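So this one's start12.cif, mmCIF, C-alpha atoms and all ligand atoms:
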data_protein
#
loop_
_atom_site.label_atom_id
_atom_site.label_comp_id
_atom_site.auth_asym_id
_atom_site.auth_seq_id
_atom_site.Cartn_x
_atom_site.Cartn_y
_atom_site.Cartn_z
CA MET H 297 109.74 95.98 121.22
CA THR H 298 111.27 94.85 117.95
CA GLY H 299 111.27 97.03 114.86
CA PRO H 300 109.61 96.32 111.53
CA VAL H 301 110.66 93.30 109.48
CA LEU H 302 110.33 95.32 106.30
CA ARG H 303 110.33 99.07 105.94
CA GLY H 304 110.16 100.81 102.61
CA ASP H 305 111.11 104.46 102.55
CA ARG H 306 109.99 106.39 99.44
CA LEU H 307 110.41 103.40 97.14
CA THR H 308 110.30 104.41 93.50
CA VAL H 309 110.66 102.20 90.44
CA GLU H 310 111.03 103.74 86.99
CA ARG H 311 110.67 101.78 83.78
CA GLY H 312 110.86 103.24 80.30
CA GLY H 313 111.23 106.76 81.69
CA SER H 314 108.11 106.76 83.86
CA ALA H 315 107.49 105.83 87.48
CA ILE H 316 105.46 102.63 87.92
CA LEU H 317 105.99 102.83 91.70
CA GLU H 318 106.30 106.25 93.25
CA ASP H 319 107.33 107.31 96.75
CA VAL H 320 105.89 104.23 98.42
CA SER H 321 106.59 104.12 102.16
CA LEU H 322 105.31 101.30 104.33
CA SER H 323 106.22 99.35 107.37
CA VAL H 324 105.60 95.67 108.18
CA ALA H 325 105.67 94.80 111.89
CA PRO H 326 106.74 91.29 112.98
CA ASP H 327 103.12 90.30 113.66
CA ALA H 328 101.56 92.21 110.76
CA SER H 329 98.84 91.01 108.46
CA LEU H 330 98.84 93.54 105.66
CA LEU H 331 96.78 93.49 102.48
CA VAL H 332 98.14 95.55 99.60
CA ARG H 333 95.21 96.01 97.32
CA GLY H 334 94.83 97.73 93.99
CA PRO H 335 93.51 97.33 90.47
CA SER H 336 95.33 95.69 87.59
CA GLY H 337 98.39 97.67 86.57
CA ALA H 338 98.57 99.61 89.85
CA GLY H 339 102.10 98.35 90.52
CA LYS H 340 101.36 95.53 92.97
CA SER H 341 103.74 92.98 91.45
CA THR H 342 106.40 95.67 91.12
CA LEU H 343 106.07 96.38 94.85
CA PHE H 344 106.09 92.64 95.64
CA ASN H 345 109.37 92.25 93.75
CA VAL H 346 110.97 95.18 95.58
CA LEU H 347 109.77 94.06 99.04
CA GLY H 348 111.01 90.53 98.28
CA LEU H 349 114.44 91.75 97.16
CA LEU H 350 113.74 90.28 93.74
CA SER H 351 114.40 93.67 92.17
CA THR H 352 116.00 96.90 93.33
CA PRO H 353 114.18 100.22 93.48
CA THR H 354 115.33 103.06 91.25
CA SER H 355 115.36 105.23 94.36
CA GLY H 356 114.29 104.94 97.97
CA THR H 357 115.43 102.49 100.60
CA LEU H 358 114.24 99.07 101.72
CA TYR H 359 115.20 98.11 105.26
CA VAL H 360 115.03 94.44 106.26
CA ASN H 361 115.12 94.02 110.03
CA GLY H 362 116.65 97.48 110.22
CA GLU H 363 119.37 96.85 107.63
CA ASP H 364 119.45 98.81 104.38
CA ALA H 365 119.09 96.01 101.83
CA SER H 366 118.62 98.18 98.74
CA SER H 367 122.26 98.59 97.90
CA LEU H 368 123.69 95.26 99.05
CA PRO H 369 125.45 92.99 96.54
CA GLU H 370 123.25 90.24 95.08
CA ARG H 371 124.93 87.49 97.11
CA LYS H 372 123.91 89.16 100.37
CA ARG H 373 120.44 89.96 99.06
CA ALA H 374 119.98 86.29 98.15
CA ALA H 375 120.97 85.27 101.69
CA ILE H 376 118.47 87.72 103.22
CA ARG H 377 115.77 86.43 100.84
CA ARG H 378 116.50 82.84 101.81
CA ASP H 379 116.57 83.42 105.56
CA THR H 380 113.99 86.16 106.08
CA ILE H 381 111.34 86.03 103.37
CA GLY H 382 108.95 83.30 102.24
CA PHE H 383 107.28 83.61 98.85
CA VAL H 384 103.89 82.39 97.66
CA PHE H 385 103.01 83.02 94.02
CA GLN H 386 99.72 82.95 92.18
CA ASP H 387 100.98 80.23 89.83
CA PHE H 388 102.54 78.17 92.67
CA GLN H 389 105.95 77.90 90.95
CA LEU H 390 106.56 74.31 91.98
CA ILE H 391 109.29 72.32 90.22
CA PRO H 392 107.59 69.60 88.14
CA ASP H 393 110.17 66.85 88.63
CA LEU H 394 110.40 67.18 92.41
CA SER H 395 107.95 65.58 94.82
CA ALA H 396 105.75 67.78 97.04
CA TRP H 397 108.13 67.09 99.93
CA ASP H 398 111.26 67.97 97.94
CA ASN H 399 109.61 71.11 96.56
CA ALA H 400 108.79 72.29 100.08
CA ALA H 401 112.31 71.41 101.26
CA LEU H 402 114.04 73.48 98.56
CA PRO H 403 114.67 76.60 100.69
CA GLN H 404 116.19 74.35 103.36
CA ASP H 405 118.36 72.63 100.76
CA HIS H 406 119.73 76.08 99.85
CA THR H 407 120.93 76.48 103.43
CA GLY H 408 122.67 73.10 103.26
CA SER H 409 120.60 71.17 105.80
CA ARG H 410 117.07 69.86 106.06
CA ASP H 411 114.84 70.17 109.08
CA GLU H 412 112.48 67.29 108.32
CA GLU H 413 110.72 67.62 111.64
CA TRP H 414 109.68 71.20 110.89
CA LEU H 415 108.62 70.26 107.36
CA GLY H 416 106.54 67.44 108.83
CA GLU H 417 104.83 69.88 111.19
CA LEU H 418 104.03 72.18 108.27
CA PHE H 419 102.66 69.33 106.17
CA ASP H 420 100.49 68.28 109.11
CA ALA H 421 99.25 71.82 109.73
CA LEU H 422 98.41 72.20 106.05
CA ASP H 423 96.82 68.75 105.90
CA ILE H 424 99.02 67.50 103.05
CA SER H 425 101.01 64.80 104.86
CA ASP H 426 99.58 62.11 102.60
CA LEU H 427 100.76 63.97 99.49
CA LYS H 428 104.49 64.03 100.30
CA SER H 429 105.63 61.79 97.49
CA GLN H 430 103.28 63.11 94.81
CA TYR H 431 104.53 65.25 91.96
CA PRO H 432 102.95 68.63 91.15
CA ALA H 433 101.21 67.31 88.02
CA THR H 434 99.17 64.98 90.20
CA LEU H 435 98.05 67.67 92.66
CA SER H 436 94.97 69.89 92.54
CA GLY H 437 95.40 73.68 92.50
CA GLY H 438 94.58 73.95 96.19
CA GLU H 439 97.02 71.15 97.05
CA LYS H 440 99.76 72.79 94.99
CA GLN H 441 99.21 76.07 96.80
CA ARG H 442 99.40 74.31 100.18
CA VAL H 443 102.74 72.76 99.17
CA ALA H 444 103.86 76.25 98.11
CA ILE H 445 102.82 77.62 101.52
CA ALA H 446 104.83 74.87 103.24
CA ARG H 447 107.80 75.84 101.05
CA SER H 448 107.39 79.51 101.94
CA LEU H 449 107.68 78.65 105.65
CA ALA H 450 110.43 76.04 105.34
CA ASN H 451 113.16 78.35 106.63
CA ARG H 452 110.99 79.92 109.34
CA PRO H 453 110.97 83.31 107.62
CA ASP H 454 110.12 86.54 109.42
CA VAL H 455 107.66 87.50 106.71
CA VAL H 456 105.65 85.73 104.01
CA LEU H 457 104.97 87.67 100.83
CA ALA H 458 102.07 86.32 98.80
CA ASP H 459 101.22 87.66 95.34
CA GLU H 460 97.59 86.84 94.44
CA PRO H 461 97.97 83.39 96.05
CA THR H 462 94.35 82.44 95.46
CA GLY H 463 93.94 83.91 91.99
CA GLN H 464 93.99 80.50 90.29
CA LEU H 465 91.68 78.79 92.77
CA ASP H 466 87.92 78.43 92.88
CA PRO H 467 86.29 80.50 95.67
CA ARG H 468 85.87 77.60 98.12
CA THR H 469 89.41 76.34 97.70
CA ALA H 470 90.68 79.92 97.88
CA GLU H 471 88.88 80.37 101.19
CA LYS H 472 90.42 77.17 102.56
CA VAL H 473 93.92 78.12 101.43
CA LEU H 474 93.53 81.54 103.11
CA ASP H 475 92.35 79.88 106.32
CA LEU H 476 95.44 77.68 106.28
CA LEU H 477 97.72 80.60 105.45
CA PHE H 478 96.39 82.59 108.41
CA GLY H 479 96.46 79.48 110.61
CA VAL H 480 100.15 78.82 109.99
CA LYS H 481 100.90 82.55 110.19
CA GLU H 482 99.61 82.51 113.76
CA ARG H 483 101.35 79.25 114.65
CA THR H 484 104.69 80.28 113.23
CA ASP H 485 104.75 83.93 114.34
CA THR H 486 105.25 85.22 110.84
CA ALA H 487 104.28 88.56 109.33
CA LEU H 488 102.05 88.25 106.27
CA VAL H 489 101.89 90.64 103.34
CA LEU H 490 99.36 89.65 100.73
CA ILE H 491 98.96 91.42 97.44
CA SER H 492 95.64 91.20 95.66
CA HIS H 493 93.07 93.03 93.57
CA ASP H 494 90.31 91.43 95.68
CA ARG H 495 88.65 93.84 98.11
CA GLY H 496 86.67 90.92 99.56
CA LEU H 497 89.83 89.89 101.42
CA GLU H 498 89.99 93.10 103.47
CA PRO H 499 88.08 91.89 106.55
CA ARG H 500 90.66 89.18 107.12
CA PHE H 501 93.55 91.61 107.48
CA ALA H 502 94.54 93.87 110.36
CA GLU H 503 95.63 96.52 107.86
CA THR H 504 94.93 97.34 104.22
CA VAL H 505 96.71 99.80 101.99
CA LEU H 506 95.59 100.71 98.53
CA LEU H 507 97.92 101.07 95.58
CA ARG H 508 96.76 103.23 92.69
CA ASP H 509 98.87 104.30 89.74
CA GLY H 510 102.01 103.33 91.63
CA ARG H 511 101.16 105.35 94.73
CA LEU H 512 99.99 104.19 98.13
CA THR H 513 96.94 105.51 99.91
CA VAL H 514 95.32 104.28 103.09
CA ASP H 515 91.97 105.78 102.14
CA ALA H 516 90.13 102.74 100.82
CA ASP H 517 86.95 104.74 100.25
CA VAL H 518 88.27 106.70 97.32
CA ASP H 519 88.24 103.82 94.87
CA ASP H 520 84.57 103.01 94.76
CA GLU H 521 84.39 103.66 91.05
CA ILE H 522 86.97 100.99 90.20
CA ASP H 523 85.73 97.60 89.06
CA TYR H 524 87.90 94.97 90.74
CA SER H 525 85.98 92.04 89.37
CA LEU H 526 88.10 91.54 86.29
CA PRO H 527 91.80 91.07 86.97
CA ARG H 528 93.84 91.28 83.78
N1 LIG H 601 109.62 96.29 82.91
C1 LIG H 601 108.62 97.13 82.68
N2 LIG H 601 108.73 98.08 81.71
C2 LIG H 601 107.71 98.94 81.48
N3 LIG H 601 106.54 98.95 82.15
C3 LIG H 601 106.38 98.02 83.12
C4 LIG H 601 107.41 97.07 83.43
N4 LIG H 601 106.94 96.28 84.43
C5 LIG H 601 105.70 96.71 84.73
N5 LIG H 601 105.36 97.75 83.93
C6 LIG H 601 104.10 98.51 83.97
O1 LIG H 601 103.94 99.02 85.29
C7 LIG H 601 102.59 98.97 85.68
C8 LIG H 601 102.47 98.18 86.96
O2 LIG H 601 102.72 96.81 86.71
P1 LIG H 601 102.51 95.66 87.81
O3 LIG H 601 102.70 94.34 87.13
O4 LIG H 601 103.36 95.96 88.98
O5 LIG H 601 100.98 95.88 88.19
P2 LIG H 601 99.98 94.96 89.02
O6 LIG H 601 99.25 95.88 89.93
O7 LIG H 601 100.72 93.83 89.62
O8 LIG H 601 99.02 94.44 87.90
P3 LIG H 601 98.23 93.03 87.77
O9 LIG H 601 97.26 92.99 88.91
O10 LIG H 601 97.55 93.15 86.45
O11 LIG H 601 99.26 91.94 87.80
C9 LIG H 601 101.82 98.37 84.52
O12 LIG H 601 101.26 99.43 83.77
C10 LIG H 601 102.88 97.65 83.73
O13 LIG H 601 102.56 97.60 82.36
#
What's the structure tokens form of this structure?
Amino acid sequence: MTGPVLRGDRLTVERGGSAILEDVSLSVAPDASLLVRGPSGAGKSTLFNVLGLLSTPTSGTLYVNGEDASSLPERKRAAIRRDTIGFVFQDFQLIPDLSAWDNAALPQDHTGSRDEEWLGELFDALDISDLKSQYPATLSGGEKQRVAIARSLANRPDVVLADEPTGQLDPRTAEKVLDLLFGVKERTDTALVLISHDRGLEPRFAETVLLRDGRLTVDADVDDEIDYSLPR
């Protein structure tokens, strides 16, 4: 049995003298579907950045496929990011002057070679094959997010990290994008960690953890008094 793709051990992030993430320990198995849920300001994006090696924790250790990645030099962290982690952001983060195809191919371009066959499979699976040559400005929100999902999987990552990936979409489109995300997760054998304020997503995930005031709890019943309907 293989070990976790990501394992955080007592991750703490301090900003301005106070902890905005405190003693967070979690483990992401290779086949995981994990929802990290919590209200606005709970520290979700901070955790996303640490798990994605986009920022370093003040203390604690992040292991990626068993290797301590917290103290590696940036060059090595960038290589791990490129090869191991796929990112999906709420605001898509597509490059305006690249076509849908070239946007999705970007992570492959960073490795120096394109695997057009794999990209084609992803575009087919996400039902965007007819949009290859279109530029982001001409795509709907749902189409942009599907291109972003193709991009996140371009290098066959071990884990996809998604930060509120449906936050900018209407409920029906959001549902469709989630279906596609889970569909390609299963087809590509990828772990999925999705960060959201939306408790309605819980039934879709094998595991949910709750982040409150920078701390993790698995007891989802304790937050009944929190109104999740109004993300900041
Ligand atoms: N660089 C920083 N300096 C000081 N405080 C920060 C910094 N970054 C984040 N914070 C604070 O840390 C807390 C957690 O922020 P974070 O963005 O991780 O929360 P979040 O759960 O993602 O919120 P949201 O759902 O609203 O995006 C917030 O109170 C935020 O103001």
Show which residues sit within 6 Å of H:Leu317, as a list of chain:residue names. Count only C-alpha atoms, and ignore same-chain residues fewer than 6 positions away.
H:Thr308, H:Val309, H:Gly510
Generate a file of the selected residues that holds C-alpha atoms, formatted as a PDB file, in the coordinates of the input.
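Final output, part28.pdb:
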ATOM      1  CA  THR H 308     110.300 104.410  93.500  1.00  0.00           C
ATOM      2  CA  VAL H 309     110.660 102.200  90.440  1.00  0.00           C
ATOM      3  CA  GLY H 510     102.010 103.330  91.630  1.00  0.00           C
TER       4      GLY H 510
END
Determine the axis-aligned bounding box of all atoms of stretch 433-439 of chain H present in the file, pad each side by 3 Å, and express its centre and edge lengths in Å to one decimal place as JSON.
{"center_x": 97.9, "center_y": 69.5, "center_z": 92.5, "size_x": 12.6, "size_y": 15.0, "size_z": 15.0}
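Here the question is which of H:Asp387, H:Asp327, H:Asp466, H:Asp494 gets nearest to H:Lys481 using all atoms listed in the file, and that residue is H:Asp327.
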Mind listing the residues within 9 Å of ligand LIG 601 (chain H), all atoms listed in the file counted, as a PyMOL selection string?
chain H and resi 310-317+333-345+459-460+491-493+507-510+527-528
Which one of H:Asp475, H:Asp454, H:Glu503, H:Glu482 sits closest to H:Thr380 if you count only C-alpha atoms?
H:Asp454
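Our summary of the geometry notes that atom CA of H:Val443 is positioned 17.3 Å from atom CA of H:Leu490.
Minimum atom-to-atom distances from H:Phe385, H:Phe419, H:Asp411, H:Leu488 to H:Gln464 were compared using all atoms listed in the file, and the lowest value belongs to H:Phe385.
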Of H:Leu331, H:Val489, H:Ala450, H:Val301, the one nearest to H:Ala365 when counting only C-alpha atoms is H:Val301
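Counting all atoms listed in the file, the residue from H:Pro453, H:Gly437, H:Ser351, H:Pro300 that sits nearest to H:Arg468 is H:Gly437.
Minimum atom-to-atom distances from H:Asp305, H:Glu439, H:Glu417, H:Asp485 to H:Phe388 were compared using only C-alpha atoms, and the lowest value belongs to H:Glu439.
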So that I can see what lies close to H:Ser395, please list as a PyMOL selection string the residues with an atom at most 9 Å from it, counting only C-alpha atoms and leaving out residues fewer than 5 positions away in the same chain.
chain H and resi 400+427-432
Within 12 Å of H:Gly356, counting all atoms listed in the file, which residues show up once you throw out same-chain ones fewer than 3 positions away? Write them as a VMD selection string, please.
chain H and resid 303 to 310 317 to 322 346 to 347 352 to 353 359 364 to 367
So the first atom is atom CA of H:Leu350 and the second is atom CA of H:Ala470; what is the distance between them in Å, to one decimal place?
25.6 Å
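Atom pair atom CA of H:Phe478 / atom CA of H:Phe501: separated by 9.5 Å.
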Any idea what's packed within 9 Å of H:Pro403, counting all atoms listed in the file, ignoring anything in its chain fewer than 3 positions away? Could you give it as a ChimeraX atom specification?
/H:378-379,382,399-400,406-407,410,447-451
